[in-house]
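Okay, upload_24.txt is below, compact mmCIF, C-alpha atoms:
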# COMPACT_ATOMS: atom_id res chain seq x y z
CA MET M 1 -45.77 71.12 -78.13
CA LEU M 2 -42.16 70.70 -77.06
CA ARG M 3 -41.34 67.93 -79.55
CA PRO M 4 -41.21 70.16 -82.66
CA ILE M 5 -38.97 72.64 -80.81
CA ILE M 6 -36.60 69.91 -79.58
CA PHE M 7 -36.54 68.37 -83.06
CA TYR M 8 -35.70 71.77 -84.58
CA PHE M 9 -32.74 72.31 -82.27
CA LEU M 10 -31.46 68.79 -82.87
CA ILE M 11 -31.52 69.36 -86.63
CA LEU M 12 -29.80 72.75 -86.18
CA TRP M 13 -27.12 71.17 -84.01
CA GLN M 14 -26.48 68.46 -86.61
CA LEU M 15 -26.25 71.00 -89.43
CA THR M 16 -23.84 73.11 -87.37
CA ALA M 17 -21.65 70.08 -86.67
CA ILE M 18 -21.58 69.15 -90.38
CA ALA M 19 -20.80 72.76 -91.43
CA ALA M 20 -18.00 72.93 -88.87
CA LEU M 21 -16.20 70.14 -90.73
CA PHE M 22 -15.71 72.54 -93.63
CA CYS M 23 -14.24 75.20 -91.30
CA SER M 24 -11.59 73.12 -89.57
CA ASP M 25 -8.42 74.43 -91.23
CA ASN M 26 -5.57 75.33 -88.93
CA ASN M 27 -4.24 78.42 -90.73
CA CYS M 28 -5.75 81.67 -91.95
CA LYS M 29 -5.32 81.31 -95.71
CA ASP M 30 -6.70 77.76 -95.92
CA CYS M 31 -9.60 78.79 -93.69
CA LEU M 32 -10.59 81.61 -96.05
CA ASP M 33 -10.41 79.28 -99.06
CA SER M 34 -13.17 77.10 -97.61
CA VAL M 35 -16.43 76.80 -99.50
CA LEU M 36 -18.62 78.05 -96.62
CA SER M 37 -17.13 81.56 -96.27
CA CYS M 38 -15.35 80.56 -93.08
CA ARG M 39 -13.56 83.21 -91.05
CA TRP M 40 -10.32 83.14 -89.07
CA CYS M 41 -10.08 84.29 -85.45
CA LYS M 42 -6.63 85.24 -84.17
CA ARG M 43 -7.71 85.20 -80.53
CA ASP M 44 -8.12 81.43 -80.50
CA ALA M 45 -6.22 80.76 -83.77
CA GLU M 46 -9.14 78.76 -85.13
CA CYS M 47 -11.33 78.64 -88.22
CA HIS M 48 -15.02 79.32 -87.57
CA MET M 49 -18.15 78.97 -89.61
CA PRO M 50 -20.34 82.03 -90.21
CA MET M 51 -22.71 82.95 -87.35
CA ALA M 52 -20.83 80.72 -84.87
CA VAL M 53 -21.10 83.42 -82.24
CA LEU M 54 -20.91 81.25 -79.13
CA ALA M 55 -17.88 79.26 -80.24
CA ASN M 56 -15.98 82.21 -81.70
CA ASP M 57 -13.80 84.26 -79.33
CA CYS M 58 -13.52 87.09 -81.86
CA LYS M 59 -16.09 89.80 -82.23
CA ARG M 60 -17.50 90.41 -85.68
CA SER M 61 -15.00 93.09 -86.66
CA GLU M 62 -12.02 90.97 -85.57
CA ASN M 63 -12.96 88.03 -87.78
CA ILE M 64 -10.61 87.88 -90.75
CA VAL M 65 -12.56 87.32 -93.97
CA GLU M 66 -10.03 88.65 -96.49
CA GLU M 67 -6.68 87.00 -97.14
CA SER M 68 -4.96 90.40 -97.27
CA HIS M 69 -5.71 90.79 -93.53
CA CYS M 70 -4.19 87.45 -92.48
CA ASP M 71 -0.95 89.18 -91.44
CA ASP M 72 -2.71 91.87 -89.38
CA LYS M 73 -1.55 91.94 -85.78
CA LEU M 74 -4.02 91.42 -82.96
CA SER M 75 -4.31 94.73 -81.13
CA ARG M 76 -3.47 94.92 -77.44
CA TYR M 77 -4.05 97.68 -74.91
CA ASP M 78 -0.78 99.52 -74.22
CA PRO M 79 -0.65 101.41 -70.87
CA ASP M 80 2.41 103.45 -71.92
CA LEU M 81 0.75 104.56 -75.14
CA SER M 82 -2.46 105.23 -73.23
CA MET M 83 -0.60 107.69 -70.98
CA LYS M 84 0.82 109.50 -74.01
CA MET M 85 -2.62 109.68 -75.59
CA LEU M 86 -4.11 111.12 -72.39
CA LEU M 87 -1.50 113.89 -72.28
CA LEU M 88 -2.22 114.65 -75.93
CA SER M 89 -5.94 114.87 -75.07
CA ALA M 90 -5.17 117.19 -72.14
CA ALA M 91 -3.17 119.54 -74.38
CA ALA M 92 -6.28 120.02 -76.53
CA TYR M 93 -7.87 121.94 -73.62
CA ASP M 94 -5.08 124.55 -73.58
CA PRO M 95 -6.47 127.79 -75.10
CA VAL M 96 -3.23 129.71 -74.66
CA ASP M 97 -0.19 127.67 -75.64
CA PRO M 98 -0.85 124.02 -76.57
CA GLN M 99 2.63 123.74 -78.11
CA GLY M 100 4.15 124.67 -74.76
CA CYS M 101 1.93 122.10 -73.07
CA LEU M 102 3.09 119.41 -75.51
CA ASP M 103 6.74 120.40 -75.01
CA ASN M 104 6.44 120.23 -71.24
CA SER M 105 4.33 117.06 -70.90
CA LEU M 106 5.96 114.95 -73.64
CA PRO M 107 9.44 116.46 -74.15
CA SER M 108 11.06 113.39 -75.75
CA ALA M 109 8.32 113.21 -78.41
CA MET M 110 9.43 116.58 -79.88
CA LEU M 111 5.91 117.19 -81.13
CA GLN M 112 5.43 119.91 -83.72
CA LEU M 113 2.02 121.54 -83.62
CA ARG M 114 0.72 122.14 -87.14
CA ILE M 115 -2.70 123.71 -86.64
CA VAL M 116 -5.24 124.48 -83.95
CA VAL M 117 -8.88 124.80 -85.05
CA THR M 118 -11.59 126.34 -82.90
CA ARG M 119 -15.15 126.71 -84.18
CA GLN M 120 -18.67 127.31 -82.91
CA CYS M 121 -20.41 123.95 -82.76
CA ASP M 122 -23.89 124.55 -81.35
CA SER M 123 -26.75 127.02 -81.38
CA SER M 124 -25.75 128.41 -77.97
CA GLY M 125 -22.41 129.69 -79.23
CA ASN M 126 -20.26 127.04 -77.55
CA GLU M 127 -17.04 126.12 -79.29
CA CYS M 128 -15.31 122.86 -80.16
CA SER M 129 -11.59 122.60 -80.74
CA GLY M 130 -8.94 120.25 -82.04
CA TYR M 131 -5.36 120.22 -83.25
CA VAL M 132 -3.01 118.36 -85.57
CA ALA M 133 0.64 117.69 -84.71
CA VAL M 134 3.47 115.45 -85.85
CA SER M 135 6.31 113.70 -84.01
CA HIS M 136 9.18 112.55 -86.17
CA ALA M 137 10.77 111.03 -83.07
CA LEU M 138 7.75 108.76 -82.53
CA LYS M 139 6.92 108.53 -86.25
CA ALA M 140 3.37 109.53 -85.42
CA ILE M 141 0.79 112.03 -86.65
CA VAL M 142 -1.53 113.24 -83.88
CA VAL M 143 -5.17 114.27 -84.26
CA ALA M 144 -6.66 115.37 -80.93
CA PHE M 145 -10.02 116.84 -79.91
CA ARG M 146 -11.04 118.83 -76.84
CA GLY M 147 -13.93 117.88 -74.58
CA SER M 148 -16.65 120.18 -73.22
CA LEU M 149 -15.16 123.44 -72.02
CA HIS M 150 -17.56 124.15 -69.15
CA SER M 151 -20.82 123.03 -67.53
CA ASP M 152 -22.97 125.13 -69.90
CA GLN M 153 -21.59 123.25 -72.90
CA ALA M 154 -21.91 119.91 -71.09
CA PHE M 155 -25.60 120.68 -70.44
CA LYS M 156 -26.11 121.63 -74.10
CA VAL M 157 -24.50 118.34 -75.14
CA PHE M 158 -26.87 116.48 -72.81
CA LEU M 159 -29.92 118.38 -74.05
CA ASP M 160 -29.16 117.95 -77.76
CA THR M 161 -28.45 114.26 -77.30
CA ILE M 162 -31.82 113.75 -75.65
CA ILE M 163 -33.84 115.94 -78.03
CA GLU M 164 -32.15 115.82 -81.43
CA PRO M 165 -32.47 112.68 -83.57
CA LYS M 166 -29.39 110.75 -84.64
CA GLU M 167 -27.91 111.51 -88.06
CA SER M 168 -26.48 109.21 -90.72
CA PHE M 169 -22.73 108.68 -90.72
CA LEU M 170 -20.73 106.12 -92.72
CA GLY M 171 -23.05 103.13 -92.56
CA GLY M 172 -24.68 103.90 -89.24
CA GLU M 173 -26.20 106.72 -87.20
CA VAL M 174 -24.51 108.93 -84.61
CA GLN M 175 -25.59 111.52 -82.07
CA TYR M 176 -26.32 114.97 -83.52
CA TYR M 177 -23.92 116.98 -81.31
CA TRP M 178 -20.86 114.79 -81.94
CA LYS M 179 -21.42 114.89 -85.70
CA ARG M 180 -21.94 118.64 -85.87
CA GLY M 181 -18.81 119.33 -83.79
CA PHE M 182 -16.76 116.92 -85.86
CA GLU M 183 -17.92 118.36 -89.19
CA GLU M 184 -17.28 121.95 -88.12
CA LEU M 185 -13.69 121.12 -87.14
CA TRP M 186 -12.93 118.50 -89.77
CA SER M 187 -13.68 120.79 -92.70
CA CYS M 188 -10.66 122.80 -91.53
CA MET M 189 -8.42 119.98 -90.27
CA LYS M 190 -8.61 117.26 -92.91
CA LYS M 191 -6.40 118.97 -95.49
CA ASP M 192 -3.48 119.19 -93.05
CA VAL M 193 -3.98 115.59 -91.94
CA LYS M 194 -3.99 114.39 -95.55
CA THR M 195 -0.80 116.35 -96.28
CA LEU M 196 1.03 114.89 -93.26
CA VAL M 197 -0.05 111.35 -94.15
CA SER M 198 1.04 111.85 -97.76
CA ASP M 199 4.43 113.22 -96.66
CA ASN M 200 4.93 110.50 -94.02
CA PRO M 201 3.19 107.35 -95.33
CA SER M 202 4.85 104.99 -92.84
CA TYR M 203 3.83 107.00 -89.76
CA LYS M 204 1.10 105.83 -87.42
CA VAL M 205 -1.87 108.15 -87.01
CA TRP M 206 -2.90 108.61 -83.37
CA VAL M 207 -6.45 109.87 -82.87
CA THR M 208 -7.49 110.78 -79.34
CA GLY M 209 -9.80 112.85 -77.16
CA HIS M 210 -11.47 113.06 -73.77
CA SER M 211 -15.25 113.09 -73.18
CA LEU M 212 -16.90 115.00 -76.08
CA GLY M 213 -13.44 115.04 -77.68
CA GLY M 214 -13.43 111.25 -77.55
CA ALA M 215 -16.70 111.10 -79.49
CA MET M 216 -15.30 113.35 -82.22
CA ALA M 217 -12.08 111.30 -82.24
CA SER M 218 -14.18 108.19 -82.87
CA LEU M 219 -15.78 109.83 -85.92
CA ALA M 220 -12.42 111.08 -87.21
CA SER M 221 -10.75 107.66 -86.95
CA THR M 222 -13.68 106.00 -88.75
CA TRP M 223 -13.66 108.68 -91.46
CA LEU M 224 -9.91 108.40 -92.10
CA VAL M 225 -10.02 104.65 -92.76
CA TYR M 226 -13.39 104.70 -94.56
CA TYR M 227 -12.06 107.17 -97.13
CA GLN M 228 -8.72 105.34 -97.30
CA ILE M 229 -6.67 108.32 -96.13
CA VAL M 230 -5.04 106.07 -93.52
CA SER M 231 -4.64 102.31 -93.74
CA ARG M 232 -6.36 100.11 -91.18
CA LYS M 233 -3.03 98.94 -89.73
CA ASN M 234 -1.64 102.47 -89.32
CA LEU M 235 -4.47 104.01 -87.32
CA ILE M 236 -4.57 103.87 -83.51
CA SER M 237 -7.39 105.40 -81.47
CA TYR M 238 -7.48 105.87 -77.67
CA THR M 239 -10.36 107.79 -76.07
CA PHE M 240 -11.02 108.60 -72.42
CA GLY M 241 -14.43 108.85 -70.77
CA MET M 242 -16.11 108.72 -74.17
CA PRO M 243 -19.95 108.61 -74.35
CA ARG M 244 -21.76 106.23 -76.70
CA VAL M 245 -21.21 107.73 -80.13
CA GLY M 246 -23.89 106.08 -82.26
CA ASN M 247 -26.09 103.08 -82.85
CA TYR M 248 -25.24 99.40 -83.27
CA ASP M 249 -24.63 99.76 -87.03
CA TYR M 250 -22.11 102.56 -86.46
CA ALA M 251 -20.36 100.49 -83.79
CA LEU M 252 -19.92 97.60 -86.23
CA GLU M 253 -18.68 99.93 -88.96
CA HIS M 254 -16.12 101.52 -86.64
CA ASP M 255 -14.88 98.14 -85.44
CA LYS M 256 -14.53 96.88 -88.99
CA LEU M 257 -12.46 99.87 -90.04
CA VAL M 258 -10.45 100.70 -86.90
CA ASN M 259 -8.68 97.58 -85.71
CA ASN M 260 -6.70 99.23 -82.88
CA SER M 261 -9.34 101.22 -81.00
CA TRP M 262 -9.59 101.53 -77.19
CA ARG M 263 -12.22 103.18 -75.01
CA VAL M 264 -10.54 103.79 -71.66
CA VAL M 265 -13.03 103.85 -68.77
CA ASN M 266 -11.96 104.97 -65.29
CA TYR M 267 -13.86 102.84 -62.74
CA ASP M 268 -17.23 104.55 -62.09
CA ASP M 269 -16.93 107.36 -64.66
CA PRO M 270 -20.58 108.05 -65.56
CA VAL M 271 -20.07 109.56 -69.04
CA PRO M 272 -19.36 106.24 -70.85
CA HIS M 273 -22.86 105.17 -69.71
CA PHE M 274 -24.45 108.04 -71.66
CA PRO M 275 -26.67 107.91 -73.65
CA ILE M 276 -28.22 105.15 -71.58
CA LEU M 277 -28.31 101.53 -72.69
CA LEU M 278 -30.61 99.78 -70.25
CA SER M 279 -29.18 96.30 -70.85
CA PRO M 280 -26.01 95.19 -72.66
CA THR M 281 -27.80 92.04 -73.80
CA VAL M 282 -30.60 93.81 -75.68
CA VAL M 283 -30.26 95.98 -78.78
CA ILE M 284 -33.64 97.55 -79.50
CA LEU M 285 -34.29 99.44 -82.72
CA ASN M 286 -31.89 102.39 -82.83
CA ASN M 287 -30.55 102.38 -79.28
CA PRO M 288 -27.08 103.80 -78.54
CA TYR M 289 -24.31 101.20 -78.55
CA HIS M 290 -20.58 101.40 -77.86
CA HIS M 291 -17.95 100.33 -80.34
CA GLY M 292 -14.95 98.39 -79.10
CA VAL M 293 -12.79 97.84 -77.25
CA GLU M 294 -13.29 98.88 -73.64
CA ALA M 295 -10.20 99.07 -71.45
CA TYR M 296 -11.83 99.04 -68.03
CA TYR M 297 -10.08 100.10 -64.81
CA LYS M 298 -11.58 98.11 -61.93
CA VAL M 299 -10.36 100.69 -59.39
CA LYS M 300 -9.78 104.42 -59.67
CA ALA M 301 -7.06 104.71 -62.27
CA THR M 302 -4.28 106.61 -60.52
CA SER M 303 -1.88 105.43 -63.23
CA PRO M 304 -2.18 103.58 -66.55
CA TYR M 305 -0.91 100.50 -64.69
CA SER M 306 -3.73 100.47 -62.16
CA GLN M 307 -5.76 97.25 -62.22
CA HIS M 308 -7.50 96.97 -65.58
CA LYS M 309 -8.72 94.49 -68.18
CA GLU M 310 -9.38 94.28 -71.90
CA CYS M 311 -13.11 93.69 -72.32
CA HIS M 312 -13.55 91.02 -74.97
CA ASP M 313 -16.39 89.06 -73.37
CA LYS M 314 -19.97 89.09 -74.61
CA PRO M 315 -22.01 91.02 -75.52
CA TYR M 316 -19.27 92.36 -77.79
CA ASN M 317 -18.35 96.00 -77.08
CA GLU M 318 -20.85 96.17 -74.19
CA ASP M 319 -19.08 93.51 -72.11
CA ALA M 320 -21.36 92.83 -69.14
CA SER M 321 -18.35 91.99 -66.94
CA CYS M 322 -16.70 95.44 -67.26
CA SER M 323 -18.07 98.95 -66.53
CA PHE M 324 -21.61 97.55 -66.36
CA THR M 325 -20.64 95.97 -63.02
CA THR M 326 -20.03 99.39 -61.42
CA VAL M 327 -22.62 101.96 -60.35
CA PRO M 328 -21.73 105.25 -62.11
CA SER M 329 -20.72 108.15 -59.88
CA LEU M 330 -23.27 110.89 -60.60
CA LEU M 331 -22.37 113.24 -57.74
CA ASP M 332 -18.84 114.57 -58.27
CA PHE M 333 -17.72 113.27 -61.70
CA GLU M 334 -14.20 112.99 -60.26
CA THR M 335 -13.42 109.80 -62.15
CA HIS M 336 -14.44 111.51 -65.37
CA LYS M 337 -12.34 114.60 -64.81
CA ILE M 338 -9.23 112.80 -63.57
CA TYR M 339 -7.55 109.94 -65.43
CA PHE M 340 -4.18 108.54 -64.32
CA SER M 341 -3.97 111.35 -61.72
CA ILE M 342 -4.18 113.92 -64.56
CA PRO M 343 -6.97 116.54 -64.29
CA VAL M 344 -7.56 116.37 -68.03
CA GLY M 345 -9.55 119.56 -68.59
CA THR M 346 -7.41 121.78 -66.32
CA PHE M 347 -3.98 120.15 -66.70
CA TRP M 348 -2.84 123.07 -68.86
CA LYS M 349 -3.35 125.45 -65.92
CA THR M 350 -1.04 123.59 -63.56
CA LYS M 351 1.50 120.87 -64.29
CA CYS M 352 1.55 121.52 -68.02
CA LEU M 353 2.93 125.03 -67.49
CA SER M 354 6.66 125.49 -68.00
CA SER M 355 8.54 127.86 -65.70
CA THR M 356 9.15 130.19 -68.68
CA ARG M 357 5.44 130.37 -69.44
CA LYS M 358 4.56 131.02 -65.78
CA LYS M 359 7.00 133.92 -65.68
CA ARG M 360 5.79 135.32 -69.00
CA GLU M 361 2.14 135.16 -68.00
CA ALA M 362 2.87 136.84 -64.70
CA THR M 363 4.61 139.80 -66.35
CA GLU M 364 2.57 140.26 -69.51
CA ASN M 365 -1.01 141.44 -69.39
CA SER M 366 -1.59 140.82 -73.08
CA ASN M 367 0.40 139.17 -75.83
CA LYS M 368 -0.03 137.33 -79.11
CA THR M 369 -0.78 134.05 -77.40
CA SER M 370 -3.68 135.20 -75.28
CA SER M 371 -6.86 133.15 -75.10
CA LYS M 372 -8.62 135.81 -77.23
CA GLU M 373 -6.69 134.54 -80.22
CA PHE M 374 -8.79 131.39 -80.40
CA GLN M 375 -12.18 132.90 -81.11
CA PHE M 376 -14.57 131.57 -83.75
CA LYS M 377 -15.04 133.69 -86.86
CA TYR M 378 -18.10 133.03 -88.95
CA GLY M 379 -17.59 131.72 -92.48
CA VAL M 380 -13.88 130.92 -92.20
CA CYS M 381 -11.69 128.15 -90.80
CA SER M 382 -10.31 129.78 -87.67
CA LYS M 383 -6.87 128.14 -87.77
CA TYR M 384 -3.66 128.93 -85.93
CA ARG M 385 -0.18 127.90 -87.01
CA TYR M 386 2.66 127.83 -84.52
CA THR M 387 5.86 129.49 -85.75
CA ASN M 388 8.81 130.77 -83.68
CA ARG M 389 6.92 130.40 -80.39
CA THR M 390 4.06 132.54 -81.75
CA TYR M 391 0.57 131.64 -83.00
CA VAL M 392 -0.37 133.22 -86.30
CA GLN M 393 -3.99 133.15 -87.35
CA VAL M 394 -4.65 131.74 -90.80
CA ALA M 395 -8.20 132.65 -91.78
CA LYS M 396 -9.23 131.06 -95.08
CA SER M 397 -12.70 131.07 -96.54
CA TYR M 398 -14.18 127.81 -97.76
CA ARG M 399 -13.60 128.92 -101.33
CA SER M 400 -10.18 127.61 -102.27
CA THR M 401 -7.53 129.47 -104.25
CA ALA M 402 -7.98 127.02 -107.12
CA SER M 403 -11.71 127.71 -107.36
CA LYS M 404 -11.02 131.46 -107.38
CA LEU M 405 -8.60 131.06 -110.27
CA ILE M 406 -11.14 129.01 -112.19
CA GLY M 407 -13.79 131.62 -111.54
CA ASN M 408 -11.49 134.43 -112.73
CA LEU M 409 -10.58 132.46 -115.84
CA HIS M 410 -14.25 131.84 -116.60
CA PHE M 411 -14.97 135.58 -116.29
CA PHE M 412 -12.02 136.42 -118.56
CA LEU M 413 -13.27 134.00 -121.26
CA LEU M 414 -16.76 135.49 -121.08
CA LEU M 415 -15.24 138.96 -121.44
CA LEU M 416 -13.26 137.88 -124.54
CA THR M 417 -16.40 136.38 -126.05
CA PHE M 418 -18.32 139.60 -125.46
CA ILE M 419 -15.55 141.72 -127.03
CA SER M 420 -15.23 139.46 -130.05
CA THR M 421 -18.96 139.73 -130.79
Translate this structure into structure tokens?
Amino acid sequence: MLRPIIFYFLILWQLTAIAALFCSDNNCKDCLDSVLSCRWCKRDAECHMPMAVLANDCKRSENIVEESHCDDKLSRYDPDLSMKMLLLSAAAYDPVDPQGCLDNSLPSAMLQLRIVVTRQCDSSGNECSGYVAVSHALKAIVVAFRGSLHSDQAFKVFLDTIIEPKESFLGGEVQYYWKRGFEELWSCMKKDVKTLVSDNPSYKVWVTGHSLGGAMASLASTWLVYYQIVSRKNLISYTFGMPRVGNYDYALEHDKLVNNSWRVVNYDDPVPHFPILLSPTVVILNNPYHHGVEAYYKVKATSPYSQHKECHDKPYNEDASCSFTTVPSLLDFETHKIYFSIPVGTFWKTKCLSSTRKKREATENSNKTSSKEFQFKYGVCSKYRYTNRTYVQVAKSYRSTASKLIGNLHFFLLLLTFIST
């Protein structure tokens, strides 16, 4: 009984050894010219044969299979950039004055808020929100998404994720709530993002978010590269306390498109474990699965320089030596709410406030920058532009000006035809 099995593995081992001879080049370009569709791994600077999973230090998305990617840099987790991204994520929670929050938390970046979009994103009337900004000082375009606003929305997210089936998204499937929130916001945000990228083609595009915002940031970063709005080398994504966004196919698609993507996990934060994957070594049918790469903090992350590691071990993206080694904290959610000593969802209420804003809010009962300004309006993109320290609502219907002109022209031609007859 055992002899056929042993014989099979011996033959397989011999074939693997022979095939490896054809994938032994010591540089990227020669490796890709091999007859066996070899791939180059920058982590170990070696040429590997297809399906050589155990010997290859690179995950599937990191394998270079096109010569045009030979000069791509290997991404590394950057604690300084991570701190900036977290502050950008925190500003997305500010319903009153996100520009003021950006000015106060990242003054040297000189960020210019372009739009804020707030829209209803579920059947219970809860809202999702995001903004677009640009920093000419950092040569960066920022796309940031807000997480759940309160416990009622968090419960709705949980319920929909359990009940609603996943939906198709760019080569994979993703959770219903993340996709709906993303699509509601993105229909209003993408035009401004495209314009900024077109006007500043050399700028990096930073996509970020916390919790639910992280899930929508994942979809936005995948979308931008998939539709070639942003090049693979120019997009950087950092998310914080992000849940599993989709299935295994989506994870592979994201990794293939977004080379510099980091999921920051604060010690025993329970949200990155949701929806549940019972074992990182088993992918069954359409189970949820994280995309890469986890940046795992082995202790409570009081700063971006707290003890952490890049999780590149196997299974890829669900590294069994990282957050899987810690029992999630399901009682207080402190490690989800606070990253790098920043209370992400409430930062705008405290340290993000400038002295001028505190004084203004203490003396004015109502003004143009009140939280009422950010209410969803059905059938329009509820957008807010920041000009001269004031938010001005720009409510545009989905029907563009161009389509209106075409419609009017069509009516005029019909009228001429009727008159002429």
>> At a cut-off of 10 Å around the point (-26.0, 115.1, -63.4) (file coordinates), what residues fall inside when counting only C-alpha atoms? I'd like the answer as a PyMOL selection string.
In response: chain M and resi 154-155+158+270-271+329-333
Counting only C-alpha atoms, which residues of region 300-356 of chain M fall within 9 Å of region 97-115 of chain M, and what is the closest atom pair for each with its distance in Å at one decimal, ordered by chain and rising number, as a tab-separated table?
residue	atom	partner	partner_atom	distance
M:Phe347	CA	M:Cys101	CA	8.9
M:Trp348	CA	M:Cys101	CA	6.4
M:Lys351	CA	M:Ser105	CA	8.1
M:Cys352	CA	M:Cys101	CA	5.1
M:Leu353	CA	M:Cys101	CA	6.4
M:Ser354	CA	M:Asn104	CA	6.2
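Neighbours of region 33-49 of chain M closer than or equal to 8 Å, with all atoms listed in the file counted and sequence neighbours fewer than 6 positions away skipped, come out as Ala19, Ala20, Phe22, Cys23, Ser24, Asp25, Asn26, Asn27, Ala55, Asn56, Asp57, Cys58, Glu62, Asn63, Ile64, Val65 and Leu74 of chain M.
The neighbours of Pro165 (chain M) here are the residues that come within 12 Å of it, using only C-alpha atoms and leaving out any residue fewer than 6 positions away in the same chain; they are M:Leu159, M:Glu173, M:Val174, M:Gln175, M:Tyr176, M:Tyr177, M:Trp178, M:Lys179, M:Gly246, M:Asn247, M:Asn286, M:Asn287, M:Pro288.
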> What residues have an atom no more than 8 Å from (-19.2, 100.8, -87.4) in the file's own frame, counting all atoms listed in the file, and can you write them as a PyMOL selection string?
Replying inline: chain M and resi 170-172+222+248-257+291
